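S.K.: Have a peek at coords_29.tsv (TSV, C-alpha atoms and all ligand atoms).
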chain	number	residue	atom	x	y	z
A	1	MET	CA	-27.59	-181.97	-98.71
A	2	ARG	CA	-27.50	-181.14	-102.42
A	3	ILE	CA	-26.17	-178.17	-104.36
A	4	GLU	CA	-27.61	-177.10	-107.71
A	5	ALA	CA	-24.60	-175.65	-109.43
A	6	ASP	CA	-26.07	-173.84	-112.46
A	7	LEU	CA	-26.09	-170.09	-112.01
A	8	LYS	CA	-29.49	-168.43	-111.49
A	9	LEU	CA	-29.91	-164.86	-112.69
A	10	ASP	CA	-31.46	-161.63	-111.47
A	11	PHE	CA	-32.56	-158.55	-113.43
A	12	ALA	CA	-29.21	-156.90	-112.70
A	13	ASP	CA	-27.27	-159.78	-114.27
A	14	VAL	CA	-28.53	-159.23	-117.83
A	15	LEU	CA	-29.25	-156.62	-120.51
A	16	PHE	CA	-31.27	-156.88	-123.73
A	17	ARG	CA	-29.20	-157.27	-126.87
A	18	PRO	CA	-30.51	-154.68	-129.38
A	19	LYS	CA	-31.68	-155.98	-132.76
A	20	ARG	CA	-32.49	-154.59	-136.18
A	21	SER	CA	-36.01	-153.28	-136.19
A	22	THR	CA	-38.49	-151.93	-138.68
A	23	LEU	CA	-40.37	-149.98	-135.98
A	24	LYS	CA	-40.24	-146.25	-136.62
A	25	SER	CA	-41.29	-144.95	-133.24
A	26	ARG	CA	-42.29	-146.04	-129.75
A	27	ARG	CA	-45.77	-144.89	-130.65
A	28	ASP	CA	-46.07	-147.92	-132.95
A	29	VAL	CA	-45.68	-150.33	-130.03
A	30	HIS	CA	-48.83	-151.92	-128.55
A	31	LEU	CA	-48.69	-152.92	-124.91
A	32	THR	CA	-52.23	-154.25	-124.52
A	33	ARG	CA	-52.50	-157.99	-124.13
A	34	THR	CA	-55.42	-160.40	-124.30
A	35	TYR	CA	-55.32	-163.55	-122.19
A	36	HIS	CA	-57.78	-166.42	-121.87
A	37	PHE	CA	-57.62	-168.02	-118.46
A	38	LYS	CA	-57.37	-171.75	-118.01
A	39	HIS	CA	-60.02	-172.46	-115.37
A	40	SER	CA	-62.23	-169.38	-115.20
A	41	LYS	CA	-62.52	-169.26	-119.02
A	42	LYS	CA	-62.57	-165.48	-118.64
A	43	THR	CA	-60.84	-163.16	-121.09
A	44	TYR	CA	-58.58	-160.36	-119.86
A	45	GLU	CA	-57.61	-157.38	-121.94
A	46	GLY	CA	-55.28	-154.64	-120.66
A	47	ILE	CA	-51.69	-153.62	-120.03
A	48	PRO	CA	-50.50	-156.45	-117.78
A	49	ILE	CA	-48.77	-154.44	-115.07
A	50	MET	CA	-50.14	-154.79	-111.54
A	51	ALA	CA	-49.99	-152.63	-108.43
A	52	ALA	CA	-49.12	-154.89	-105.47
A	53	ASN	CA	-51.57	-155.55	-102.65
A	54	MET	CA	-49.46	-153.54	-100.22
A	55	ASP	CA	-50.44	-150.64	-97.96
A	56	GLY	CA	-49.76	-147.38	-99.82
A	57	VAL	CA	-49.98	-149.15	-103.20
A	58	GLY	CA	-53.02	-151.46	-103.55
A	59	THR	CA	-55.61	-148.81	-102.67
A	60	LEU	CA	-58.97	-148.08	-104.30
A	61	GLU	CA	-57.63	-144.65	-105.31
A	62	MET	CA	-54.69	-146.34	-107.05
A	63	ALA	CA	-57.07	-148.73	-108.83
A	64	GLU	CA	-59.14	-145.79	-110.03
A	65	ALA	CA	-56.06	-144.04	-111.45
A	66	LEU	CA	-54.34	-147.08	-112.96
A	67	SER	CA	-57.48	-148.43	-114.62
A	68	GLU	CA	-57.40	-145.27	-116.78
A	69	HIS	CA	-54.24	-146.79	-118.28
A	70	SER	CA	-55.83	-150.29	-118.38
A	71	VAL	CA	-53.34	-151.25	-115.67
A	72	PHE	CA	-54.35	-153.71	-112.94
A	73	THR	CA	-54.48	-153.31	-109.14
A	74	CYS	CA	-54.54	-156.06	-106.52
A	75	LEU	CA	-56.32	-154.44	-103.60
A	76	VAL	CA	-54.94	-154.79	-100.08
A	77	LYS	CA	-56.39	-157.60	-98.01
A	78	SER	CA	-57.79	-155.29	-95.37
A	79	TYR	CA	-60.64	-153.93	-97.53
A	80	LYS	CA	-64.12	-155.01	-96.50
A	81	ALA	CA	-67.23	-155.25	-98.68
A	82	ALA	CA	-68.47	-151.84	-97.55
A	83	ASP	CA	-65.18	-150.08	-98.41
A	84	ILE	CA	-65.35	-151.37	-101.96
A	85	ALA	CA	-69.07	-150.77	-102.37
A	86	ALA	CA	-68.52	-147.13	-101.34
A	87	TYR	CA	-66.28	-146.77	-104.39
A	88	GLU	CA	-68.74	-148.17	-106.88
A	89	GLY	CA	-68.96	-146.19	-110.10
A	90	LYS	CA	-65.37	-144.90	-109.77
A	91	ILE	CA	-63.56	-148.19	-110.28
A	92	ASP	CA	-63.41	-150.71	-113.08
A	93	ALA	CA	-63.57	-154.26	-111.70
A	94	ARG	CA	-62.01	-155.66	-114.90
A	95	HIS	CA	-58.69	-154.22	-113.79
A	96	MET	CA	-58.82	-155.20	-110.14
A	97	ALA	CA	-58.55	-158.20	-107.85
A	98	ILE	CA	-59.58	-158.59	-104.25
A	99	SER	CA	-56.83	-160.13	-102.13
A	100	THR	CA	-57.06	-162.66	-99.37
A	101	GLY	CA	-55.06	-164.76	-96.95
A	102	THR	CA	-55.96	-168.36	-96.14
A	103	HIS	CA	-57.78	-168.22	-92.78
A	104	ASP	CA	-61.45	-169.15	-92.47
A	105	ARG	CA	-62.18	-165.50	-91.69
A	106	ASP	CA	-60.54	-164.60	-95.03
A	107	PHE	CA	-62.83	-167.03	-96.87
A	108	ALA	CA	-65.83	-165.38	-95.20
A	109	ASN	CA	-64.51	-161.95	-96.22
A	110	ILE	CA	-64.21	-163.01	-99.89
A	111	GLU	CA	-67.82	-164.21	-99.79
A	112	GLU	CA	-69.02	-160.91	-98.33
A	113	ILE	CA	-67.10	-158.83	-100.87
A	114	LEU	CA	-68.18	-160.87	-103.88
A	115	THR	CA	-71.80	-160.93	-102.78
A	116	ALA	CA	-71.83	-157.15	-102.36
A	117	ASN	CA	-69.71	-156.51	-105.50
A	118	PRO	CA	-70.67	-159.15	-108.08
A	119	THR	CA	-68.73	-157.43	-110.90
A	120	PHE	CA	-65.40	-158.48	-109.35
A	121	GLN	CA	-63.95	-161.37	-111.35
A	122	THR	CA	-60.51	-161.92	-109.88
A	123	ILE	CA	-59.38	-163.27	-106.50
A	124	CYS	CA	-55.73	-163.01	-105.43
A	125	ILE	CA	-54.83	-165.62	-102.80
A	126	ASP	CA	-51.57	-164.35	-101.41
A	127	VAL	CA	-49.25	-165.83	-98.81
A	128	ALA	CA	-45.53	-165.35	-98.24
A	129	ASN	CA	-44.84	-169.08	-98.62
A	130	GLY	CA	-46.94	-170.84	-101.26
A	131	TYR	CA	-45.35	-174.22	-100.55
A	132	SER	CA	-47.61	-175.31	-97.68
A	133	GLU	CA	-50.21	-178.02	-98.19
A	134	HIS	CA	-52.78	-175.82	-96.43
A	135	PHE	CA	-52.28	-173.17	-99.12
A	136	GLY	CA	-52.92	-175.63	-101.96
A	137	ASP	CA	-56.04	-176.87	-100.15
A	138	PHE	CA	-57.29	-173.31	-99.77
A	139	VAL	CA	-56.77	-172.60	-103.50
A	140	ALA	CA	-58.77	-175.75	-104.32
A	141	ARG	CA	-61.52	-174.67	-101.90
A	142	VAL	CA	-61.84	-171.24	-103.51
A	143	ARG	CA	-61.82	-172.83	-106.97
A	144	THR	CA	-64.72	-175.15	-105.99
A	145	ARG	CA	-66.73	-172.27	-104.52
A	146	TYR	CA	-65.96	-169.87	-107.44
A	147	PRO	CA	-65.62	-171.97	-110.60
A	148	SER	CA	-65.79	-169.03	-113.00
A	149	HIS	CA	-63.67	-166.46	-111.13
A	150	THR	CA	-60.07	-165.94	-112.13
A	151	ILE	CA	-57.77	-167.09	-109.33
A	152	ILE	CA	-54.27	-165.73	-108.71
A	153	ALA	CA	-52.22	-167.83	-106.25
A	154	GLY	CA	-48.72	-167.39	-104.83
A	155	ASN	CA	-45.97	-166.94	-104.05
A	156	VAL	CA	-43.72	-169.68	-105.34
A	157	VAL	CA	-40.50	-169.71	-107.39
A	158	THR	CA	-40.19	-173.20	-108.86
A	159	ALA	CA	-41.74	-175.03	-111.80
A	160	ASP	CA	-43.03	-177.97	-109.72
A	161	MET	CA	-45.07	-175.80	-107.37
A	162	THR	CA	-46.29	-173.58	-110.21
A	163	GLN	CA	-47.79	-176.67	-111.82
A	164	GLU	CA	-49.19	-177.93	-108.53
A	165	LEU	CA	-51.05	-174.65	-107.90
A	166	ILE	CA	-52.42	-174.63	-111.45
A	167	LEU	CA	-53.67	-178.19	-111.01
A	168	ARG	CA	-55.31	-177.14	-107.72
A	169	GLY	CA	-57.24	-174.43	-109.56
A	170	ALA	CA	-55.06	-171.33	-110.05
A	171	ASP	CA	-55.33	-169.51	-113.39
A	172	ILE	CA	-52.33	-167.30	-112.65
A	173	VAL	CA	-49.39	-168.15	-110.38
A	174	LYS	CA	-47.57	-165.35	-108.60
A	175	VAL	CA	-43.80	-165.82	-108.67
A	176	GLY	CA	-41.24	-164.30	-106.31
A	177	ILE	CA	-39.73	-165.15	-102.94
A	178	GLY	CA	-37.45	-162.57	-101.47
A	179	PRO	CA	-36.80	-160.07	-104.30
A	180	GLY	CA	-39.03	-157.26	-102.95
A	181	SER	CA	-37.82	-153.75	-102.17
A	182	VAL	CA	-38.95	-153.94	-98.53
A	183	CYS	CA	-38.50	-157.66	-98.08
A	184	THR	CA	-36.02	-159.17	-95.64
A	185	THR	CA	-36.90	-162.84	-96.16
A	186	ARG	CA	-33.50	-163.63	-97.68
A	187	LEU	CA	-31.76	-162.07	-94.68
A	188	GLN	CA	-34.04	-163.64	-92.09
A	189	THR	CA	-34.29	-167.11	-93.60
A	190	GLY	CA	-31.69	-167.53	-96.33
A	191	VAL	CA	-34.48	-168.63	-98.69
A	192	GLY	CA	-35.08	-167.21	-102.19
A	193	TYR	CA	-34.52	-167.53	-105.92
A	194	PRO	CA	-33.06	-164.96	-108.33
A	195	GLN	CA	-36.10	-163.41	-109.98
A	196	LEU	CA	-35.18	-163.59	-113.67
A	197	SER	CA	-34.51	-167.34	-113.48
A	198	ALA	CA	-37.66	-167.87	-111.39
A	199	ILE	CA	-39.70	-166.17	-114.13
A	200	ILE	CA	-38.10	-168.17	-116.95
A	201	GLU	CA	-38.64	-171.50	-115.18
A	202	CYS	CA	-42.14	-170.86	-113.81
A	203	ALA	CA	-43.42	-169.28	-117.05
A	204	ASP	CA	-42.31	-172.33	-118.97
A	205	ALA	CA	-44.13	-174.61	-116.52
A	206	ALA	CA	-47.33	-172.51	-116.53
A	207	HIS	CA	-47.47	-171.95	-120.27
A	208	GLY	CA	-47.15	-175.69	-120.85
A	209	LEU	CA	-50.41	-176.09	-118.94
A	210	GLY	CA	-52.17	-173.18	-120.62
A	211	ALA	CA	-51.88	-170.97	-117.51
A	212	HIS	CA	-50.16	-167.68	-116.71
A	213	ILE	CA	-47.67	-166.16	-114.27
A	214	ILE	CA	-47.06	-162.86	-112.53
A	215	SER	CA	-43.50	-161.76	-111.81
A	216	ASP	CA	-43.85	-160.28	-108.32
A	217	GLY	CA	-41.14	-158.13	-106.78
A	218	GLY	CA	-37.65	-156.91	-107.52
A	219	CYS	CA	-38.34	-154.36	-110.27
A	220	THR	CA	-36.48	-151.13	-109.51
A	221	CYS	CA	-36.85	-149.29	-112.84
A	222	PRO	CA	-38.79	-149.56	-116.14
A	223	GLY	CA	-35.91	-151.61	-117.62
A	224	ASP	CA	-36.48	-154.32	-114.99
A	225	VAL	CA	-40.20	-154.45	-115.87
A	226	ALA	CA	-39.25	-154.94	-119.52
A	227	LYS	CA	-36.76	-157.67	-118.52
A	228	ALA	CA	-39.51	-159.50	-116.59
A	229	PHE	CA	-41.73	-159.47	-119.70
A	230	GLY	CA	-38.77	-160.45	-121.88
A	231	ALA	CA	-38.13	-163.45	-119.61
A	232	GLY	CA	-41.71	-164.65	-120.15
A	233	ALA	CA	-43.83	-163.07	-117.40
A	234	ASP	CA	-47.46	-162.54	-118.44
A	235	PHE	CA	-47.97	-159.88	-115.75
A	236	VAL	CA	-45.48	-157.84	-113.71
A	237	MET	CA	-46.39	-156.73	-110.18
A	238	LEU	CA	-44.83	-153.62	-108.66
A	239	GLY	CA	-44.73	-152.45	-105.06
A	240	GLY	CA	-41.87	-150.01	-104.51
A	241	MET	CA	-42.15	-148.46	-107.98
A	242	PHE	CA	-45.74	-147.42	-107.16
A	243	ALA	CA	-44.97	-146.29	-103.58
A	244	GLY	CA	-44.86	-142.62	-102.54
A	245	HIS	CA	-47.73	-141.38	-104.72
A	246	ASP	CA	-50.84	-139.38	-103.84
A	247	GLN	CA	-53.06	-142.35	-104.65
A	248	GLY	CA	-51.37	-144.49	-101.96
A	249	GLY	CA	-53.00	-142.43	-99.24
A	250	GLY	CA	-49.91	-142.20	-96.98
A	251	THR	CA	-49.00	-139.13	-94.96
A	252	VAL	CA	-46.47	-136.87	-96.68
A	253	LYS	CA	-43.74	-135.82	-94.24
A	254	SER	CA	-41.68	-132.74	-94.84
A	255	SER	CA	-38.16	-132.23	-93.53
A	256	HIS	CA	-35.28	-129.88	-94.28
A	257	VAL	CA	-31.96	-131.41	-95.20
A	258	PHE	CA	-28.59	-129.66	-95.56
A	259	ASP	CA	-27.66	-129.50	-99.25
A	260	GLY	CA	-23.99	-128.68	-98.77
A	261	ARG	CA	-24.23	-125.01	-99.88
A	262	TRP	CA	-23.44	-121.95	-97.75
A	263	ASP	CA	-26.18	-119.32	-97.88
A	264	ALA	CA	-24.20	-116.09	-97.41
A	265	GLY	CA	-27.37	-113.95	-97.11
A	266	ALA	CA	-28.71	-116.00	-94.25
A	267	ASN	CA	-25.21	-116.62	-92.88
A	268	ALA	CA	-26.04	-120.31	-92.56
A	269	TRP	CA	-25.79	-123.62	-94.39
A	270	SER	CA	-28.70	-123.83	-96.81
A	271	THR	CA	-31.32	-126.55	-96.66
A	272	THR	CA	-33.72	-128.07	-99.17
A	273	GLU	CA	-37.18	-129.33	-98.37
A	274	LYS	CA	-37.48	-133.10	-98.70
A	275	LYS	CA	-40.89	-134.76	-98.81
A	276	THR	CA	-41.20	-138.44	-98.00
A	277	VAL	CA	-43.88	-141.07	-97.42
A	278	GLU	CA	-43.62	-144.16	-95.23
A	279	PHE	CA	-43.58	-147.48	-97.07
A	280	TYR	CA	-43.37	-150.91	-95.46
A	281	GLY	CA	-43.45	-154.61	-96.21
A	282	MET	CA	-46.68	-156.43	-95.43
A	283	SER	CA	-44.79	-158.77	-93.08
A	284	SER	CA	-42.97	-155.92	-91.33
A	285	ASP	CA	-43.53	-155.02	-87.69
A	286	THR	CA	-45.28	-151.85	-88.92
A	287	ALA	CA	-47.83	-153.83	-90.97
A	288	MET	CA	-48.40	-156.47	-88.30
A	289	GLU	CA	-48.97	-153.87	-85.62
A	290	LYS	CA	-51.31	-151.91	-87.90
A	291	HIS	CA	-53.43	-154.86	-89.00
A	292	PHE	CA	-53.18	-157.29	-86.05
A	293	GLY	CA	-52.17	-155.03	-83.18
A	294	GLU	CA	-48.94	-156.98	-82.52
A	295	VAL	CA	-46.15	-159.10	-83.98
A	296	ALA	CA	-47.06	-162.71	-83.15
A	297	GLU	CA	-44.53	-164.31	-80.80
A	298	TYR	CA	-43.59	-167.23	-83.08
A	299	ARG	CA	-42.80	-165.19	-86.17
A	300	SER	CA	-40.14	-162.67	-86.98
A	301	SER	CA	-40.64	-159.65	-89.11
A	302	GLU	CA	-39.72	-160.29	-92.75
A	303	GLY	CA	-40.25	-156.77	-94.01
A	304	ARG	CA	-38.67	-153.35	-93.71
A	305	THR	CA	-40.13	-149.93	-93.03
A	306	VAL	CA	-38.58	-147.15	-95.10
A	307	GLU	CA	-39.20	-143.53	-96.10
A	308	VAL	CA	-39.53	-143.16	-99.88
A	309	ASP	CA	-39.46	-139.89	-101.79
A	310	TYR	CA	-42.90	-138.36	-102.27
A	311	ARG	CA	-43.62	-138.59	-106.01
A	312	GLY	CA	-46.97	-136.84	-106.50
A	313	ASP	CA	-49.52	-138.16	-108.96
A	314	VAL	CA	-49.05	-141.75	-110.15
A	315	HIS	CA	-50.05	-140.88	-113.73
A	316	ALA	CA	-46.61	-139.41	-114.49
A	317	THR	CA	-44.86	-142.50	-113.10
A	318	MET	CA	-47.15	-144.75	-115.10
A	319	LYS	CA	-46.35	-142.91	-118.31
A	320	ASP	CA	-42.64	-143.17	-117.55
A	321	ILE	CA	-42.87	-146.94	-117.05
A	322	LEU	CA	-44.95	-147.49	-120.19
A	323	GLY	CA	-42.59	-145.25	-122.20
A	324	GLY	CA	-39.62	-147.32	-121.04
A	325	ILE	CA	-41.20	-150.62	-122.07
A	326	ARG	CA	-42.24	-149.22	-125.45
A	327	SER	CA	-38.66	-148.13	-125.98
A	328	THR	CA	-37.33	-151.61	-125.08
A	329	CYS	CA	-39.69	-153.03	-127.70
A	330	THR	CA	-38.32	-150.70	-130.37
A	331	TYR	CA	-34.71	-151.65	-129.48
A	332	VAL	CA	-35.39	-155.37	-129.93
A	333	GLY	CA	-37.85	-155.08	-132.82
A	334	ALA	CA	-41.02	-156.16	-130.99
A	335	PRO	CA	-44.13	-154.45	-132.44
A	336	THR	CA	-46.25	-155.62	-129.50
A	337	LEU	CA	-45.65	-156.64	-125.87
A	338	LYS	CA	-46.68	-160.15	-126.93
A	339	ASP	CA	-43.64	-160.28	-129.24
A	340	LEU	CA	-41.18	-159.04	-126.61
A	341	SER	CA	-40.14	-162.41	-125.18
A	342	LYS	CA	-39.75	-163.89	-128.68
A	343	CYS	CA	-37.52	-160.97	-129.64
A	344	THR	CA	-35.47	-161.17	-126.43
A	345	THR	CA	-31.86	-162.24	-126.29
A	346	PHE	CA	-30.35	-161.49	-122.90
A	347	ILE	CA	-26.65	-161.01	-122.52
A	348	ARG	CA	-25.02	-161.62	-119.15
A	349	THR	CA	-23.24	-158.57	-117.81
A	350	ALA	CA	-20.87	-157.65	-115.04
A	351	ARG	CA	-21.86	-153.97	-115.03
A	352	GLN	CA	-25.27	-152.45	-115.75
A	353	TYR	CA	-24.82	-148.71	-116.09
A	354	ASN	CA	-22.56	-145.77	-115.45
A	355	ASP	CA	-23.29	-144.38	-111.98
A	356	VAL	CA	-20.54	-141.78	-111.77
A	357	PHE	CA	-23.01	-138.97	-110.99
A	358	VAL	CA	-25.32	-141.06	-108.82
A	359	ASN	CA	-25.01	-140.91	-105.03
A	360	ARG	CA	-23.29	-144.06	-103.98
B	1	LIG	P1	-41.28	-154.61	-104.97
B	1	LIG	O1	-41.99	-154.31	-106.25
B	1	LIG	O2	-41.48	-153.56	-103.93
B	1	LIG	O3	-39.83	-154.95	-105.18
B	1	LIG	O4	-41.92	-155.97	-104.42
B	1	LIG	C1	-43.29	-156.06	-104.11
B	1	LIG	C2	-43.58	-157.42	-103.54
B	1	LIG	O5	-42.83	-157.67	-102.34
B	1	LIG	C3	-45.02	-157.63	-103.10
B	1	LIG	O6	-45.91	-157.81	-104.14
B	1	LIG	C4	-44.89	-158.85	-102.19
B	1	LIG	O7	-44.87	-160.05	-102.91
B	1	LIG	C5	-43.52	-158.66	-101.56
B	1	LIG	N1	-43.62	-158.17	-100.19
B	1	LIG	C6	-44.38	-157.15	-99.71
B	1	LIG	N2	-44.21	-156.98	-98.39
B	1	LIG	C7	-43.32	-157.92	-98.02
B	1	LIG	C8	-42.74	-158.26	-96.77
B	1	LIG	O8	-42.97	-157.65	-95.72
B	1	LIG	N3	-41.88	-159.33	-96.76
B	1	LIG	C9	-41.60	-160.02	-97.91
B	1	LIG	N4	-40.79	-161.07	-97.82
B	1	LIG	N5	-42.10	-159.69	-99.11
B	1	LIG	C10	-42.95	-158.66	-99.15
As structure tokens, what does this structure read like?
Ligand code: 5GP
M.R.:
Amino acid sequence: MRIEADLKLDFADVLFRPKRSTLKSRRDVHLTRTYHFKHSKKTYEGIPIMAANMDGVGTLEMAEALSEHSVFTCLVKSYKAADIAAYEGKIDARHMAISTGTHDRDFANIEEILTANPTFQTICIDVANGYSEHFGDFVARVRTRYPSHTIIAGNVVTADMTQELILRGADIVKVGIGPGSVCTTRLQTGVGYPQLSAIIECADAAHGLGAHIISDGGCTCPGDVAKAFGAGADFVMLGGMFAGHDQGGGTVKSSHVFDGRWDAGANAWSTTEKKTVEFYGMSSDTAMEKHFGEVAEYRSSEGRTVEVDYRGDVHATMKDILGGIRSTCTYVGAPTLKDLSKCTTFIRTARQYNDVFVNR
């Protein structure tokens, strides 16, 4: 047994230190980035935020809406070639990836989708535990079959495995084990890595090889997204922050909750209507039952099912997130998103914000 004693950090452990800046307004900040990928040799241009390949988030409708902001969507794994083809004309394949697991049937599904939709350039190979040898072999197999497609592979949280996946053919490594809003991996297994430190360490490893990383999971507010970029993430993937919107396709449930006021006219406690949408982890019982009809005997659920507030159209949320990041850039003097990590000094904190009027 060994213990690594240096403290690893999460988003909630730091804040940006503000710096003198010549920027006049948030409007002067440019969030678009251009990346050249190591293996595929493709060029990407867009705002490098990604919707996660989760039910209720990584839908074709979400991709259609987010691509208007040049924001990326990793589609859920369950889409088939025909589902995507039916959407042709409405979606922009430059801002989308198809997602896959690592079974032979998944490989066949990628082939079908890419044959029917040749404009798709990006393949996201996504497993909960990117440390298995089988996973690395699968990444290498996809790289051999698709030499000029951009390959995302994950998830891992350490520099050694980031490099290994890049050497096996990944252009972009997805980083994050256990930080997700509906993830219970840390409770079920005790495994994980604080996300801010994972980003710093994996970005350094990837950038040294001319590759890129995605920070996946753990962002709860626009400030966390900015912190992920400040720490060195090339892309930031969001699940929970994109949940509960019209574009996710979930059913909106309405209920009436007591709001603590007495309605004298009605001679009753008053209620307010609350609208919610179901959201669940892709390893939760809900997801496994939906996609496979059961929870396999040998595995436990590593995801939660929750009700999130219904939030309407995703465009308003998107603007809010982009506005927050622009504002971070003005506080630290970064004229572009590319400059943000160079302009970042994090300070370690014991308290993040004043929550006196927030329900605790
Ligand atoms: P969020 O932005 O909601 O904090 O995190 C989204 C990420 O959580 C996803 O992109 C994915 O990596 C991870 N995730 C999604 N579903 C599950 C799950 O059921 N279990 C675990 N361990 N992680 C999940």
S.K.: Enter the distance from atom CA of Phe292 of chain A to atom CA of Ala243 of chain A, in Å, rounded to one decimal.
M.R.: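 Here the two named atoms are 22.3 Å from each other.
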S.K.: Out of A:Gly232, A:Gly56, A:Gly281, A:Gly190, which residue has the shortest atom-to-atom distance to ligand LIG 1 (chain B) when counting only C-alpha atoms and all ligand atoms?
M.R.: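 With only C-alpha atoms and all ligand atoms as the atom set, the closest residue is A:Gly281.
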S.K.: Hey, which residues sit close to ligand LIG 1 (chain B)? Say within 7 Å, counting all atoms listed in the file, and write them as a VMD selection string.
M.R.: chain A and resid 52 to 54 128 176 to 185 216 to 220 237 to 241 280 to 284 302 to 304
S.K.: Print the selection's residues with C-alpha atoms to a file, as a short mmCIF file (atom, residue, chain, number, x, y, z; two decimals), in the coordinates of the input.
M.R.:
data_model
loop_
_atom_site.label_atom_id
_atom_site.label_comp_id
_atom_site.auth_asym_id
_atom_site.auth_seq_id
_atom_site.Cartn_x
_atom_site.Cartn_y
_atom_site.Cartn_z
CA ALA A 52 -49.12 -154.89 -105.47
CA ASN A 53 -51.57 -155.55 -102.65
CA MET A 54 -49.46 -153.54 -100.22
CA ALA A 128 -45.53 -165.35 -98.24
CA GLY A 176 -41.24 -164.30 -106.31
CA ILE A 177 -39.73 -165.15 -102.94
CA GLY A 178 -37.45 -162.57 -101.47
CA PRO A 179 -36.80 -160.07 -104.30
CA GLY A 180 -39.03 -157.26 -102.95
CA SER A 181 -37.82 -153.75 -102.17
CA VAL A 182 -38.95 -153.94 -98.53
CA CYS A 183 -38.50 -157.66 -98.08
CA THR A 184 -36.02 -159.17 -95.64
CA THR A 185 -36.90 -162.84 -96.16
CA ASP A 216 -43.85 -160.28 -108.32
CA GLY A 217 -41.14 -158.13 -106.78
CA GLY A 218 -37.65 -156.91 -107.52
CA CYS A 219 -38.34 -154.36 -110.27
CA THR A 220 -36.48 -151.13 -109.51
CA MET A 237 -46.39 -156.73 -110.18
CA LEU A 238 -44.83 -153.62 -108.66
CA GLY A 239 -44.73 -152.45 -105.06
CA GLY A 240 -41.87 -150.01 -104.51
CA MET A 241 -42.15 -148.46 -107.98
CA TYR A 280 -43.37 -150.91 -95.46
CA GLY A 281 -43.45 -154.61 -96.21
CA MET A 282 -46.68 -156.43 -95.43
CA SER A 283 -44.79 -158.77 -93.08
CA SER A 284 -42.97 -155.92 -91.33
CA GLU A 302 -39.72 -160.29 -92.75
CA GLY A 303 -40.25 -156.77 -94.01
CA ARG A 304 -38.67 -153.35 -93.71
#
S.K.: Write out as a list in words which residues come within 12 Å of Ser132 of chain A when counting only C-alpha atoms, dropping same-chain ones fewer than 5 positions away.
M.R.: Thr102, Val127, Asp137, Phe138, Val139, Gly154, Asn155, Val156, Met161, Glu164 and Leu165 of chain A
S.K.: Any idea what the distance is between atom CA of Thr100 of chain A and atom CA of Val157 of chain A?
M.R.: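 Distance reported for this atom pair: 19.7 Å.
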